[in-house]
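Input: a single structure, listed below in structure tokens.
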Amino acid sequence: MAYRIVADECQACGTCLESCPTGAILEEEGTYRIDPEKCESCGTCMDACPTGAIVEE
């Protein structure tokens with residue numbers, strides 16, 4: 001299962017970035033995105049996000 005970050009809901013707090021064990025979350029111009037090549041679909045980022053901005057695709 002893949003995950004994505006909903007830009008309108010993301011507060012750019014960095015919690016997901018710090019929680020990702022594979023380094024799949026990248027910061028680009030004040031926003032975040034998930035690199036599908038690195039993501040292992042563990043769900044850690046989704047659980048860590050305080051705004052619920054990370055969702056399953």
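Numbering starts fresh at 1 for the residues of each chain in the structure tokens, the chains themselves are lettered A, B, ... in the order given, and ligands are numbered from 1 as they appear.
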**Message:** Set the distance at 6 Å and use only C-alpha atoms: which residues neighbour region 43-53 of chain A once local chain neighbours fewer than 3 positions away are removed? I'd like the list as a list of chain:residue names.
**Reply:** A:Ile5, A:Val6, A:Glu9, A:Cys10, A:Cys16, A:Ser19, A:Cys20
**Asked** If you count only C-alpha atoms, which residues fall within 9 Å of Glu37 (chain A), apart from same-chain ones fewer than 3 positions away, as a list of chain:residue names?
**Response**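 Residues near the query, excluding close chain neighbours: A:Ala24, A:Ile34, A:Glu40.
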**Prompt:** Out of region 4-40 of chain A, which residues get helix (DSSP H, G or I) from DSSP, as a ChimeraX atom specification?
**Reply:** /A:15-19
**Request:** Fewer than 6 positions away in the same chain doesn't count, so skip those; otherwise give me all residues within 8 Å of Tyr32 (chain A), counting only C-alpha atoms, as number ranges by chain.
**Result:** A: 5, 7, 12, 25-26
Restricting the output to N, CA and C atoms, write the selected residues as a PDB file, in the first residue's frame.
ATOM      1  N   ILE A   5       1.096  12.522   0.931  1.00  0.00           N
ATOM      2  CA  ILE A   5       0.877  13.637   1.844  1.00  0.00           C
ATOM      3  C   ILE A   5      -0.086  14.610   1.180  1.00  0.00           C
ATOM      4  N   ALA A   7      -1.177  17.980   0.688  1.00  0.00           N
ATOM      5  CA  ALA A   7      -0.497  19.262   0.874  1.00  0.00           C
ATOM      6  C   ALA A   7      -1.332  20.282   1.636  1.00  0.00           C
ATOM      7  N   ALA A  12       3.744  21.094   7.736  1.00  0.00           N
ATOM      8  CA  ALA A  12       5.203  21.121   7.548  1.00  0.00           C
ATOM      9  C   ALA A  12       5.951  21.142   8.884  1.00  0.00           C
ATOM     10  N   ILE A  25      10.735  10.259   3.180  1.00  0.00           N
ATOM     11  CA  ILE A  25      10.054  11.546   3.147  1.00  0.00           C
ATOM     12  C   ILE A  25      11.079  12.636   2.873  1.00  0.00           C
ATOM     13  N   LEU A  26      10.763  13.430   1.861  1.00  0.00           N
ATOM     14  CA  LEU A  26      11.675  14.464   1.416  1.00  0.00           C
ATOM     15  C   LEU A  26      11.041  15.830   1.584  1.00  0.00           C
TER      16      LEU A  26
END
